[in-house]
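File shown: upload31.cif (mmCIF, C-alpha atoms).
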```cif
data_coords
#
loop_
_atom_site.group_PDB
_atom_site.id
_atom_site.type_symbol
_atom_site.label_atom_id
_atom_site.label_comp_id
_atom_site.auth_asym_id
_atom_site.auth_seq_id
_atom_site.Cartn_x
_atom_site.Cartn_y
_atom_site.Cartn_z
ATOM 1 C CA MET A 1325 73.836 -121.638 114.419
ATOM 2 C CA LEU A 1326 71.045 -123.184 112.363
ATOM 3 C CA ARG A 1327 68.984 -123.640 115.515
ATOM 4 C CA ALA A 1328 69.441 -119.969 116.415
ATOM 5 C CA LEU A 1329 68.382 -118.921 112.921
ATOM 6 C CA ARG A 1330 65.350 -121.189 113.105
ATOM 7 C CA ARG A 1331 64.285 -119.662 116.422
ATOM 8 C CA ARG A 1332 64.650 -116.189 114.908
ATOM 9 C CA TRP A 1333 62.584 -117.212 111.896
ATOM 10 C CA GLU A 1334 59.845 -118.768 114.038
ATOM 11 C CA SER A 1335 59.376 -115.473 115.898
ATOM 12 C CA TYR A 1336 59.719 -113.250 112.822
ATOM 13 C CA LYS A 1337 57.750 -115.124 110.132
ATOM 14 C CA TYR A 1338 54.396 -113.862 111.423
ATOM 15 C CA ARG A 1339 55.443 -110.343 110.288
ATOM 16 C CA PHE A 1340 56.967 -111.434 106.940
ATOM 17 C CA VAL A 1341 54.279 -110.509 104.402
ATOM 18 C CA PRO A 1342 55.191 -113.097 101.698
ATOM 19 C CA TRP A 1343 55.064 -115.914 104.273
ATOM 20 C CA ILE A 1344 51.710 -114.688 105.565
ATOM 21 C CA ALA A 1345 50.274 -114.510 102.044
ATOM 22 C CA LEU A 1346 51.415 -118.045 101.219
ATOM 23 C CA ASN A 1347 50.070 -119.519 104.455
ATOM 24 C CA LEU A 1348 46.708 -117.778 104.794
ATOM 25 C CA ARG A 1349 45.016 -120.260 102.480
ATOM 26 C CA HIS A 1350 46.534 -123.325 104.165
ATOM 27 C CA LYS A 1351 45.885 -122.283 107.770
ATOM 28 C CA ARG A 1352 42.336 -121.035 107.704
ATOM 29 C CA ARG A 1353 41.596 -122.673 111.070
ATOM 30 C CA THR A 1354 44.038 -120.280 112.736
ATOM 31 C CA LEU A 1355 42.455 -117.196 111.148
ATOM 32 C CA ARG A 1356 39.592 -115.035 112.308
ATOM 33 C CA PHE A 1357 37.317 -113.487 109.692
ATOM 34 C CA VAL A 1358 35.146 -110.401 110.137
ATOM 35 C CA PRO A 1359 32.976 -108.810 107.403
ATOM 36 C CA GLU A 1360 34.149 -105.247 108.098
ATOM 37 C CA GLU A 1361 36.112 -103.173 110.619
ATOM 38 C CA SER A 1362 33.013 -101.956 112.446
ATOM 39 C CA LYS A 1363 32.023 -105.557 113.240
ATOM 40 C CA ASP A 1364 35.324 -106.539 114.821
ATOM 41 C CA LYS A 1365 33.899 -106.243 118.351
ATOM 42 C CA ILE A 1366 32.568 -109.206 120.304
ATOM 43 C CA ILE A 1367 31.143 -107.011 123.062
ATOM 44 C CA SER A 1368 30.367 -103.306 123.314
ATOM 45 C CA ASP A 1369 32.876 -100.683 124.437
ATOM 46 C CA GLU A 1370 30.638 -99.968 127.421
ATOM 47 C CA GLU A 1371 30.936 -103.587 128.592
ATOM 48 C CA VAL A 1372 34.711 -103.405 128.251
ATOM 49 C CA LEU A 1373 34.779 -100.138 130.202
ATOM 50 C CA GLN A 1374 32.633 -101.490 133.027
ATOM 51 C CA THR A 1375 34.832 -104.584 133.409
ATOM 52 C CA LEU A 1376 37.986 -102.460 133.585
ATOM 53 C CA LEU A 1377 36.415 -100.045 136.074
ATOM 54 C CA LYS A 1378 35.198 -102.928 138.251
ATOM 55 C CA THR A 1379 38.652 -104.516 138.298
ATOM 56 C CA PHE A 1380 40.566 -101.284 138.845
ATOM 57 C CA ARG A 1381 38.168 -100.149 141.573
ATOM 58 C CA ALA A 1382 38.804 -103.422 143.434
ATOM 59 C CA LEU A 1383 42.584 -103.073 143.039
ATOM 60 C CA PHE A 1384 42.390 -99.460 144.215
ATOM 61 C CA ALA A 1385 40.339 -100.388 147.287
ATOM 62 C CA ASN A 1386 42.752 -103.212 148.107
ATOM 63 C CA ASP A 1387 45.535 -100.621 148.459
ATOM 64 C CA LEU A 1388 43.354 -97.783 149.733
ATOM 65 C CA ASN A 1389 45.643 -96.528 152.509
ATOM 66 C CA ARG A 1390 48.555 -95.811 150.161
ATOM 67 C CA GLN A 1391 46.245 -94.518 147.445
ATOM 68 C CA MET A 1392 44.680 -91.955 149.775
ATOM 69 C CA ARG A 1393 48.128 -90.564 150.588
ATOM 70 C CA LEU A 1394 48.876 -90.258 146.863
ATOM 71 C CA LEU A 1395 45.607 -88.383 146.370
ATOM 72 C CA ASN A 1396 46.404 -85.697 148.956
ATOM 73 C CA PHE A 1397 47.156 -83.260 146.135
ATOM 74 C CA LEU A 1398 43.812 -84.111 144.442
ATOM 75 C CA PRO A 1399 41.294 -83.375 147.232
ATOM 76 C CA GLU A 1400 38.262 -83.581 144.926
ATOM 77 C CA VAL A 1401 39.189 -87.111 143.883
ATOM 78 C CA LYS A 1402 40.145 -88.114 147.419
ATOM 79 C CA SER A 1403 36.760 -87.017 148.782
ATOM 80 C CA LYS A 1404 35.050 -89.737 146.692
ATOM 81 C CA TYR A 1405 36.714 -92.449 148.772
ATOM 82 C CA LEU A 1406 36.423 -91.146 152.328
ATOM 83 C CA GLU A 1407 33.328 -93.265 153.021
ATOM 84 C CA LEU A 1408 35.018 -96.330 151.530
ATOM 85 C CA GLN A 1409 38.031 -95.777 153.773
ATOM 86 C CA THR A 1410 35.769 -95.664 156.822
ATOM 87 C CA ALA A 1411 33.830 -98.769 155.716
ATOM 88 C CA GLN A 1412 37.060 -100.753 155.302
ATOM 89 C CA SER A 1413 38.327 -100.110 158.799
ATOM 90 C CA GLU A 1414 37.385 -103.667 159.855
ATOM 91 C CA ILE A 1415 39.990 -105.228 157.524
ATOM 92 C CA TYR A 1416 42.826 -103.336 159.185
ATOM 93 C CA GLN A 1417 45.235 -105.149 161.486
ATOM 94 C CA THR A 1418 47.303 -103.862 164.404
ATOM 95 C CA VAL A 1419 51.048 -103.955 163.787
ATOM 96 C CA GLY A 1420 53.789 -104.181 166.429
ATOM 97 C CA ASP A 1421 53.856 -100.541 167.508
ATOM 98 C CA GLY A 1422 50.074 -100.297 167.838
ATOM 99 C CA ARG A 1423 49.447 -98.603 164.462
ATOM 100 C CA GLN A 1424 46.675 -99.789 162.163
ATOM 101 C CA SER A 1425 47.782 -101.326 158.862
ATOM 102 C CA GLN A 1426 45.541 -102.343 155.971
ATOM 103 C CA ILE A 1427 45.582 -106.013 154.985
ATOM 104 C CA ILE A 1428 46.733 -106.180 151.359
ATOM 105 C CA PHE A 1429 45.592 -109.108 149.220
ATOM 106 C CA ASN A 1430 47.361 -110.594 146.205
ATOM 107 C CA PRO A 1431 46.207 -108.901 142.929
ATOM 108 C CA GLU A 1432 45.193 -112.297 141.521
ATOM 109 C CA ASP A 1433 42.956 -112.871 144.552
ATOM 110 C CA VAL A 1434 41.466 -109.393 144.080
ATOM 111 C CA MET A 1435 40.778 -110.267 140.436
ATOM 112 C CA PHE A 1436 39.094 -113.522 141.460
ATOM 113 C CA THR A 1437 36.886 -111.701 143.962
ATOM 114 C CA ALA A 1438 35.941 -108.984 141.461
ATOM 115 C CA LEU A 1439 35.504 -111.038 138.292
ATOM 116 C CA GLY A 1440 35.071 -114.622 139.471
ATOM 117 C CA PHE A 1441 38.272 -115.932 137.884
ATOM 118 C CA SER A 1442 42.028 -115.329 137.830
ATOM 119 C CA ILE A 1443 44.753 -115.828 135.234
ATOM 120 C CA THR A 1444 48.526 -116.185 135.360
ATOM 121 C CA ARG A 1445 51.615 -116.739 133.209
ATOM 122 C CA SER A 1446 53.046 -120.273 133.070
ATOM 123 C CA PRO A 1447 54.982 -122.460 130.617
ATOM 124 C CA SER A 1448 52.762 -123.106 127.601
ATOM 125 C CA SER A 1449 51.210 -126.502 126.865
ATOM 126 C CA LEU A 1450 52.453 -126.109 123.270
ATOM 127 C CA ALA A 1451 55.919 -127.411 122.483
ATOM 128 C CA SER A 1452 58.485 -124.631 121.952
ATOM 129 C CA ALA A 1453 55.864 -121.948 122.617
ATOM 130 C CA GLY A 1454 57.578 -120.538 125.701
ATOM 131 C CA THR A 1455 55.302 -118.752 128.159
ATOM 132 C CA GLY A 1456 51.520 -118.986 127.994
ATOM 133 C CA VAL A 1457 48.542 -117.660 129.948
ATOM 134 C CA PHE A 1458 46.225 -119.944 131.936
ATOM 135 C CA VAL A 1459 42.987 -119.593 133.883
ATOM 136 C CA THR A 1460 43.991 -120.586 137.405
ATOM 137 C CA LYS A 1461 40.728 -120.291 139.334
ATOM 138 C CA GLY A 1462 37.048 -119.864 138.551
ATOM 139 C CA PHE A 1463 35.185 -119.922 135.244
ATOM 140 C CA VAL A 1464 35.256 -117.390 132.417
ATOM 141 C CA SER A 1465 31.964 -116.869 130.607
ATOM 142 C CA LYS A 1466 31.761 -116.241 126.875
ATOM 143 C CA GLY A 1467 32.035 -112.530 126.100
ATOM 144 C CA THR A 1468 34.085 -111.698 129.221
ATOM 145 C CA VAL A 1469 37.134 -109.429 129.184
ATOM 146 C CA LEU A 1470 39.900 -111.491 130.751
ATOM 147 C CA ALA A 1471 43.213 -109.847 129.778
ATOM 148 C CA MET A 1472 44.845 -106.728 128.332
ATOM 149 C CA TYR A 1473 47.709 -106.342 125.860
ATOM 150 C CA PRO A 1474 50.265 -103.998 127.493
ATOM 151 C CA GLY A 1475 52.836 -101.788 125.825
ATOM 152 C CA THR A 1476 53.759 -98.478 124.233
ATOM 153 C CA VAL A 1477 51.246 -97.208 121.666
ATOM 154 C CA TYR A 1478 52.642 -95.897 118.371
ATOM 155 C CA GLU A 1479 50.784 -94.049 115.651
ATOM 156 C CA LYS A 1480 51.446 -95.102 112.051
ATOM 157 C CA PHE A 1481 53.895 -92.261 111.485
ATOM 158 C CA GLU A 1482 55.928 -92.702 114.682
ATOM 159 C CA PRO A 1483 59.373 -94.388 114.712
ATOM 160 C CA ILE A 1484 59.421 -98.031 115.766
ATOM 161 C CA PHE A 1485 62.061 -99.588 113.490
ATOM 162 C CA PHE A 1486 64.747 -100.263 116.103
ATOM 163 C CA GLN A 1487 62.199 -101.452 118.666
ATOM 164 C CA SER A 1488 60.814 -103.927 116.113
ATOM 165 C CA ILE A 1489 64.107 -105.730 115.407
ATOM 166 C CA GLY A 1490 63.794 -109.275 116.749
ATOM 167 C CA ASN A 1491 60.607 -108.260 118.585
ATOM 168 C CA PRO A 1492 57.675 -110.734 118.348
ATOM 169 C CA PHE A 1493 55.433 -108.656 120.633
ATOM 170 C CA ILE A 1494 54.344 -105.868 118.276
ATOM 171 C CA PHE A 1495 50.572 -105.821 117.820
ATOM 172 C CA ARG A 1496 49.061 -104.081 114.782
ATOM 173 C CA CYS A 1497 45.551 -102.661 115.072
ATOM 174 C CA ILE A 1498 43.159 -102.525 112.124
ATOM 175 C CA ASP A 1499 43.825 -98.798 111.619
ATOM 176 C CA GLY A 1500 47.613 -99.241 111.655
ATOM 177 C CA VAL A 1501 48.246 -98.225 115.275
ATOM 178 C CA LEU A 1502 51.009 -100.384 116.796
ATOM 179 C CA ILE A 1503 51.443 -101.583 120.379
ATOM 180 C CA ASP A 1504 54.873 -102.789 121.512
ATOM 181 C CA GLY A 1505 54.312 -105.357 124.251
ATOM 182 C CA ASN A 1506 57.960 -106.325 124.717
ATOM 183 C CA ASP A 1507 59.081 -106.075 128.361
ATOM 184 C CA LYS A 1508 62.797 -106.190 127.584
ATOM 185 C CA GLY A 1509 65.526 -104.130 125.921
ATOM 186 C CA ILE A 1510 64.854 -100.819 124.211
ATOM 187 C CA SER A 1511 61.071 -101.386 124.344
ATOM 188 C CA ARG A 1512 61.216 -101.596 128.126
ATOM 189 C CA ALA A 1513 63.367 -98.456 128.380
ATOM 190 C CA ILE A 1514 61.014 -96.448 126.136
ATOM 191 C CA TYR A 1515 57.928 -97.478 128.110
ATOM 192 C CA ARG A 1516 59.543 -96.512 131.422
ATOM 193 C CA SER A 1517 60.697 -93.192 129.989
ATOM 194 C CA CYS A 1518 57.209 -92.331 128.692
ATOM 195 C CA SER A 1519 55.727 -93.329 132.052
ATOM 196 C CA LYS A 1520 57.969 -90.914 133.964
ATOM 197 C CA ARG A 1521 57.301 -88.188 131.384
ATOM 198 C CA ASP A 1522 53.534 -88.342 131.922
ATOM 199 C CA GLN A 1523 53.556 -88.881 135.699
ATOM 200 C CA LEU A 1524 51.352 -86.423 137.573
ATOM 201 C CA GLY A 1525 53.163 -85.664 140.808
ATOM 202 C CA PRO A 1526 53.324 -88.959 142.714
ATOM 203 C CA LEU A 1527 50.448 -90.418 140.660
ATOM 204 C CA LYS A 1528 51.402 -92.572 137.677
ATOM 205 C CA MET A 1529 49.377 -92.364 134.462
ATOM 206 C CA CYS A 1530 50.025 -95.986 133.486
ATOM 207 C CA ASP A 1531 50.983 -99.354 134.929
ATOM 208 C CA VAL A 1532 54.713 -100.140 134.879
ATOM 209 C CA PHE A 1533 54.574 -103.327 136.943
ATOM 210 C CA TRP A 1534 53.852 -105.532 133.908
ATOM 211 C CA LEU A 1535 57.530 -104.975 133.055
ATOM 212 C CA THR A 1536 58.460 -106.854 136.237
ATOM 213 C CA THR A 1537 57.586 -110.167 137.855
ATOM 214 C CA VAL A 1538 55.423 -108.357 140.441
ATOM 215 C CA MET A 1539 52.032 -107.648 138.884
ATOM 216 C CA GLN A 1540 49.865 -104.688 139.903
ATOM 217 C CA ASN A 1541 47.181 -105.242 137.246
ATOM 218 C CA PRO A 1542 46.719 -109.029 136.802
ATOM 219 C CA LEU A 1543 44.967 -108.457 133.461
ATOM 220 C CA ALA A 1544 48.193 -107.164 131.859
ATOM 221 C CA VAL A 1545 49.503 -110.475 130.500
ATOM 222 C CA GLY A 1546 47.853 -110.480 127.061
ATOM 223 C CA GLN A 1547 51.144 -110.350 125.149
ATOM 224 C CA TYR A 1548 51.924 -113.878 126.355
ATOM 225 C CA VAL A 1549 48.750 -115.453 124.962
ATOM 226 C CA ASN A 1550 49.896 -117.877 122.263
ATOM 227 C CA ASN A 1551 48.548 -118.280 118.747
ATOM 228 C CA CYS A 1552 46.057 -121.074 118.202
ATOM 229 C CA SER A 1553 46.908 -124.131 116.106
ATOM 230 C CA THR A 1554 45.048 -126.857 114.253
ATOM 231 C CA GLU A 1555 44.984 -128.832 117.527
ATOM 232 C CA LYS A 1556 44.305 -125.924 119.891
ATOM 233 C CA ALA A 1557 41.447 -123.705 118.720
ATOM 234 C CA ALA A 1558 41.255 -120.057 119.734
ATOM 235 C CA ASN A 1559 39.228 -119.404 122.882
ATOM 236 C CA VAL A 1560 39.891 -115.643 123.077
ATOM 237 C CA CYS A 1561 40.118 -112.820 120.553
ATOM 238 C CA TYR A 1562 41.591 -109.319 120.525
ATOM 239 C CA GLN A 1563 39.350 -106.273 120.659
ATOM 240 C CA GLU A 1564 40.406 -102.652 120.313
ATOM 241 C CA PHE A 1565 39.250 -100.195 122.954
ATOM 242 C CA ASP A 1566 39.834 -96.449 123.150
ATOM 243 C CA VAL A 1567 39.940 -95.099 126.709
ATOM 244 C CA PRO A 1568 37.329 -92.310 127.074
ATOM 245 C CA GLU A 1569 38.264 -88.849 128.362
ATOM 246 C CA SER A 1570 36.011 -89.407 131.371
ATOM 247 C CA PHE A 1571 38.136 -92.337 132.601
ATOM 248 C CA PRO A 1572 38.921 -91.737 136.313
ATOM 249 C CA ILE A 1573 42.396 -90.295 136.751
ATOM 250 C CA GLU A 1574 43.027 -92.399 139.856
ATOM 251 C CA PHE A 1575 42.552 -95.606 137.825
ATOM 252 C CA LYS A 1576 44.974 -94.704 135.024
ATOM 253 C CA GLN A 1577 47.803 -96.190 137.082
ATOM 254 C CA TYR A 1578 46.373 -99.618 136.176
ATOM 255 C CA LEU A 1579 46.259 -99.052 132.400
ATOM 256 C CA PRO A 1580 49.212 -101.016 130.946
ATOM 257 C CA ASN A 1581 49.526 -98.722 127.920
ATOM 258 C CA ILE A 1582 51.022 -95.311 127.217
ATOM 259 C CA SER A 1583 51.368 -93.196 124.087
ATOM 260 C CA TYR A 1584 54.844 -92.845 122.601
ATOM 261 C CA SER A 1585 54.446 -89.145 121.856
ATOM 262 C CA HIS A 1586 53.514 -86.524 124.408
ATOM 263 C CA GLU A 1587 50.384 -84.470 123.749
ATOM 264 C CA ILE A 1588 52.474 -81.336 123.037
ATOM 265 C CA GLN A 1589 54.533 -83.219 120.450
ATOM 266 C CA ARG A 1590 51.341 -84.385 118.780
ATOM 267 C CA ASP A 1591 49.987 -80.845 118.630
ATOM 268 C CA VAL A 1592 53.213 -79.683 116.943
ATOM 269 C CA LEU A 1593 52.840 -82.476 114.420
ATOM 270 C CA LEU A 1594 49.259 -81.452 113.734
ATOM 271 C CA VAL A 1595 50.343 -77.834 113.100
ATOM 272 C CA ARG A 1596 53.082 -78.993 110.731
ATOM 273 C CA ASN A 1597 50.596 -81.098 108.792
ATOM 274 C CA CYS A 1598 48.198 -78.183 108.574
ATOM 275 C CA LEU A 1599 50.950 -75.830 107.341
ATOM 276 C CA SER A 1600 51.981 -78.365 104.718
ATOM 277 C CA ARG A 1601 48.313 -78.756 103.759
ATOM 278 C CA VAL A 1602 48.397 -82.496 104.367
ATOM 279 C CA PRO A 1603 44.840 -83.535 105.253
ATOM 280 C CA LEU A 1604 44.308 -85.257 108.576
ATOM 281 C CA CYS A 1605 41.185 -87.043 109.693
ATOM 282 C CA PHE A 1606 39.484 -86.476 113.010
ATOM 283 C CA GLN A 1607 41.201 -89.600 114.318
ATOM 284 C CA CYS A 1608 44.634 -87.959 114.060
ATOM 285 C CA ALA A 1609 47.223 -88.428 116.789
ATOM 286 C CA SER A 1610 46.555 -85.119 118.529
ATOM 287 C CA CYS A 1611 42.968 -85.970 119.344
ATOM 288 C CA ARG A 1612 42.967 -89.778 119.490
ATOM 289 C CA PRO A 1613 42.300 -91.272 122.942
ATOM 290 C CA LEU A 1614 44.661 -93.868 124.368
ATOM 291 C CA ARG A 1615 44.362 -97.161 122.494
ATOM 292 C CA CYS A 1616 44.135 -100.362 124.499
ATOM 293 C CA ILE A 1617 43.691 -103.977 123.431
ATOM 294 C CA VAL A 1618 41.591 -106.345 125.517
ATOM 295 C CA LEU A 1619 41.162 -110.085 125.101
ATOM 296 C CA VAL A 1620 37.587 -111.355 125.120
ATOM 297 C CA ALA A 1621 36.478 -114.965 125.668
ATOM 298 C CA LEU A 1622 34.993 -116.656 122.571
ATOM 299 C CA ARG A 1623 33.511 -119.445 124.692
ATOM 300 C CA ASP A 1624 33.243 -120.541 128.320
ATOM 301 C CA ILE A 1625 36.717 -121.302 129.715
ATOM 302 C CA GLY A 1626 37.388 -123.407 132.801
ATOM 303 C CA PRO A 1627 40.242 -123.543 135.333
ATOM 304 C CA GLY A 1628 43.484 -125.010 134.038
ATOM 305 C CA GLU A 1629 42.802 -124.116 130.407
ATOM 306 C CA GLU A 1630 45.394 -122.188 128.429
ATOM 307 C CA LEU A 1631 44.320 -119.141 126.455
ATOM 308 C CA PHE A 1632 44.802 -119.160 122.675
ATOM 309 C CA SER A 1633 44.087 -116.345 120.246
ATOM 310 C CA ASN A 1634 44.069 -115.752 116.495
ATOM 311 C CA TYR A 1635 47.151 -113.731 115.582
ATOM 312 C CA TYR A 1636 45.444 -112.763 112.314
ATOM 313 C CA THR A 1637 42.094 -111.142 111.721
ATOM 314 C CA VAL A 1638 41.083 -111.004 108.066
ATOM 315 C CA VAL A 1639 38.744 -108.085 107.294
ATOM 316 C CA SER A 1640 36.806 -108.810 104.120
#
```
Please lay out the structure from this file as structure tokens.
Amino acid sequence: MLRALRRRWESYKYRFVPWIALNLRHKRRTLRFVPEESKDKIISDEEVLQTLLKTFRALFANDLNRQMRLLNFLPEVKSKYLELQTAQSEIYQTVGDGRQSQIIFNPEDVMFTALGFSITRSPSSLASAGTGVFVTKGFVSKGTVLAMYPGTVYEKFEPIFFQSIGNPFIFRCIDGVLIDGNDKGISRAIYRSCSKRDQLGPLKMCDVFWLTTVMQNPLAVGQYVNNCSTEKAANVCYQEFDVPESFPIEFKQYLPNISYSHEIQRDVLLVRNCLSRVPLCFQCASCRPLRCIVLVALRDIGPGEELFSNYYTVVS
């Protein structure tokens, strides 16, 4: 029983404010300090966007045959890829009945081809740390986006109490937005429900495969990156990224995040706040773009190295 309680405490203590306050001074090596919120970015949002687009474009092209069928109801989007479909005809193979079938590569191999490295989940090198994330092939340069933190995105005022019980995967952004990266239990059910709610015909508006053992977006493993220690310094850091309105609709299926509330629900909330004369800023829920968290390399990282982050960023 004591062991079970200890395991619970080890996963919960990082969200227990008194414990955090007492340990901040003693564990400065495991903290990350930034002078102000606006300087919490290692690279620009444009660099993050270009990396995501490059990766998602490669994943899309790897599964082009199926994607083109999904885009039949979006002819304007489909027309952008007709030339690519023709150019890829040489990587098709003939199956038993004489039909042509596209050769599909493993998502990790697609990631390696697109970015020059690949990552995967494996048992951590830290004792009792459970699962970790490792660079399997290639080299990661400093300032490179190499993972994403998946999960349901909650605004500060949205309910998350029951999802948070015994849940070590809740990420808090600087502005109070929360991301639930748990792939089990009620968190899993809520994410799947929101995904089906927002689905556009046969086209999904987010990635649901991170909930399974079969990955569609190999970047979506950021919730398993372990906290650094006095022996293992952080080699990656978290960076907030808001998905722009211009983000291609055909690539949204690879975004491992979805908002908890539907846009209509957010509009109702905005009206209620206006009627009650409660002031809202321009970053309110009804107009905020989808929040994502990416992990950016703090230094060059080689194959076989485990990724470690700072679970705490102190804004002074």
### Message
Report as an NGL selection string all protein, DNA and RNA residues lying within 7 Å of stretch 1621-1625 of chain A, evaluated on only C-alpha atoms, omitting residues in the same chain fewer than 6 positions from it.
### Response
:A and (1463-1469 or 1559-1561)
Keeping only C-alpha atoms, write the selected residues to a file as a PDB file, in the frame of the given file.
```
ATOM      1  CA  PHE A1463      35.185-119.922 135.244  1.00  0.00           C
ATOM      2  CA  VAL A1464      35.256-117.390 132.417  1.00  0.00           C
ATOM      3  CA  SER A1465      31.964-116.869 130.607  1.00  0.00           C
ATOM      4  CA  LYS A1466      31.761-116.241 126.875  1.00  0.00           C
ATOM      5  CA  GLY A1467      32.035-112.530 126.100  1.00  0.00           C
ATOM      6  CA  THR A1468      34.085-111.698 129.221  1.00  0.00           C
ATOM      7  CA  VAL A1469      37.134-109.429 129.184  1.00  0.00           C
ATOM      8  CA  ASN A1559      39.228-119.404 122.882  1.00  0.00           C
ATOM      9  CA  VAL A1560      39.891-115.643 123.077  1.00  0.00           C
ATOM     10  CA  CYS A1561      40.118-112.820 120.553  1.00  0.00           C
TER      11      CYS A1561
END
```
Near stretch 1371-1385 of chain A, 9 Å: stretch 1494-1582 of chain A residue rows, closest pairs, all atoms listed in the file, as JSON lines:
```
{"residue": "A:Gln1540", "atom": "CA", "partner": "A:Leu1383", "partner_atom": "CA", "distance": 8.1}
{"residue": "A:Asn1541", "atom": "CA", "partner": "A:Leu1383", "partner_atom": "CA", "distance": 7.7}
{"residue": "A:Leu1543", "atom": "CA", "partner": "A:Thr1379", "partner_atom": "CA", "distance": 8.9}
{"residue": "A:Phe1565", "atom": "CA", "partner": "A:Val1372", "partner_atom": "CA", "distance": 7.7}
{"residue": "A:Val1567", "atom": "CA", "partner": "A:Leu1373", "partner_atom": "CA", "distance": 8.0}
{"residue": "A:Pro1568", "atom": "CA", "partner": "A:Leu1373", "partner_atom": "CA", "distance": 8.8}
{"residue": "A:Phe1571", "atom": "CA", "partner": "A:Leu1377", "partner_atom": "CA", "distance": 8.6}
{"residue": "A:Pro1572", "atom": "CA", "partner": "A:Leu1377", "partner_atom": "CA", "distance": 8.7}
{"residue": "A:Glu1574", "atom": "CA", "partner": "A:Phe1384", "partner_atom": "CA", "distance": 8.3}
{"residue": "A:Phe1575", "atom": "CA", "partner": "A:Phe1380", "partner_atom": "CA", "distance": 6.1}
{"residue": "A:Lys1576", "atom": "CA", "partner": "A:Phe1380", "partner_atom": "CA", "distance": 8.8}
{"residue": "A:Tyr1578", "atom": "CA", "partner": "A:Phe1380", "partner_atom": "CA", "distance": 6.6}
{"residue": "A:Leu1579", "atom": "CA", "partner": "A:Phe1380", "partner_atom": "CA", "distance": 8.9}
```
Can you write just those residues out, C-alpha atoms, as a short mmCIF file (atom, residue, chain, number, x, y, z; two decimals), in the frame of the given file?
```cif
data_model
loop_
_atom_site.label_atom_id
_atom_site.label_comp_id
_atom_site.auth_asym_id
_atom_site.auth_seq_id
_atom_site.Cartn_x
_atom_site.Cartn_y
_atom_site.Cartn_z
CA GLN A 1540 49.86 -104.69 139.90
CA ASN A 1541 47.18 -105.24 137.25
CA LEU A 1543 44.97 -108.46 133.46
CA PHE A 1565 39.25 -100.20 122.95
CA VAL A 1567 39.94 -95.10 126.71
CA PRO A 1568 37.33 -92.31 127.07
CA PHE A 1571 38.14 -92.34 132.60
CA PRO A 1572 38.92 -91.74 136.31
CA GLU A 1574 43.03 -92.40 139.86
CA PHE A 1575 42.55 -95.61 137.82
CA LYS A 1576 44.97 -94.70 135.02
CA TYR A 1578 46.37 -99.62 136.18
CA LEU A 1579 46.26 -99.05 132.40
#
```
### Task
Kindly resolve the PyMOL selection byres ((chain A and resi 1441-1448) around 12) on the present coordinates and return the residues as a ChimeraX atom specification.
/A:1379,1430-1440,1449-1465,1468-1472,1534,1537-1539,1541-1552,1556,1624-1632
#### Entry: Atom-to-atom span, atom CA of A:Arg1521 and atom CA of A:Asn1581, Å
13.5 Å
### Message
Please report the interatomic distance between atom CA of A:Tyr1562 and atom CA of A:Asp1364 in Å with one decimal.
### Response
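Interatomic distance here is 8.9 Å.
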### Query
Which of these, A:Met1392, A:Leu1398, A:Phe1533, A:Gly1490, has the shortest distance to A:Arg1331 once you count all atoms listed in the file?
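The shortest atom-to-atom distance to A:Arg1331 comes from A:Gly1490.
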### Query
Suppose you want the space between atom CA of A:Asn1386 and atom CA of A:Ile1617; what is it in Å?
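If I compute the distance from atom CA of A:Asn1386 to atom CA of A:Ile1617, I get 24.7 Å.
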Taking every listed atom of stretch 1434-1446 of chain A and adding 3 Å to each side, what centre and edge lengths in Å (one decimal) does the axis-aligned box have, as lines of an AutoDock Vina configuration file?
```
center_x = 44.1
center_y = -114.6
center_z = 138.6
size_x = 24.0
size_y = 17.3
size_z = 17.0
```
### Task
Taking the file above as input, evaluate the PyMOL selection byres ((chain A and resi 1515) around 8) and report the hits as a list in words.
Gly1475, Thr1476, Ser1511, Arg1512, Ala1513, Ile1514, Arg1516, Ser1517, Cys1518, Ser1519, Val1532, Ile1582 and Tyr1584 of chain A
### Message
Just checking: using all atoms listed in the file, which residue out of A:Asp1507, A:His1586, A:Gln1487, A:Pro1526 ends up closest to A:Arg1393?
### Response
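Under the stated criterion, the closest residue is A:Pro1526.
Comparing the minimum interatomic distances between A:Asp1566 and each of A:Asp1387, A:Val1477, A:Glu1482, A:Asp1504, counting all atoms listed in the file, we find that A:Val1477 sits nearest.
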Written coordinates, C-alpha atoms of stretch 1429-1446 of chain A as an mmCIF file, in the first residue's frame:
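Done, and the output landed in decode_14.cif:
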```
data_model
loop_
_atom_site.group_PDB
_atom_site.id
_atom_site.type_symbol
_atom_site.label_atom_id
_atom_site.label_comp_id
_atom_site.auth_asym_id
_atom_site.auth_seq_id
_atom_site.Cartn_x
_atom_site.Cartn_y
_atom_site.Cartn_z
ATOM 1 C CA PHE A 1429 6.461 3.807 -45.930
ATOM 2 C CA ASN A 1430 6.619 3.745 -42.136
ATOM 3 C CA PRO A 1431 5.850 7.225 -40.645
ATOM 4 C CA GLU A 1432 9.192 7.186 -38.808
ATOM 5 C CA ASP A 1433 10.989 6.612 -42.119
ATOM 6 C CA VAL A 1434 8.992 9.464 -43.670
ATOM 7 C CA MET A 1435 10.051 11.685 -40.761
ATOM 8 C CA PHE A 1436 13.697 10.712 -41.252
ATOM 9 C CA THR A 1437 13.511 11.523 -44.961
ATOM 10 C CA ALA A 1438 11.794 14.872 -44.353
ATOM 11 C CA LEU A 1439 13.681 16.106 -41.292
ATOM 12 C CA GLY A 1440 16.880 14.061 -41.194
ATOM 13 C CA PHE A 1441 16.091 12.282 -37.924
ATOM 14 C CA SER A 1442 13.439 10.095 -36.292
ATOM 15 C CA ILE A 1443 12.245 9.600 -32.722
ATOM 16 C CA THR A 1444 10.372 6.859 -30.891
ATOM 17 C CA ARG A 1445 9.021 5.832 -27.485
ATOM 18 C CA SER A 1446 11.089 3.355 -25.451
#
```
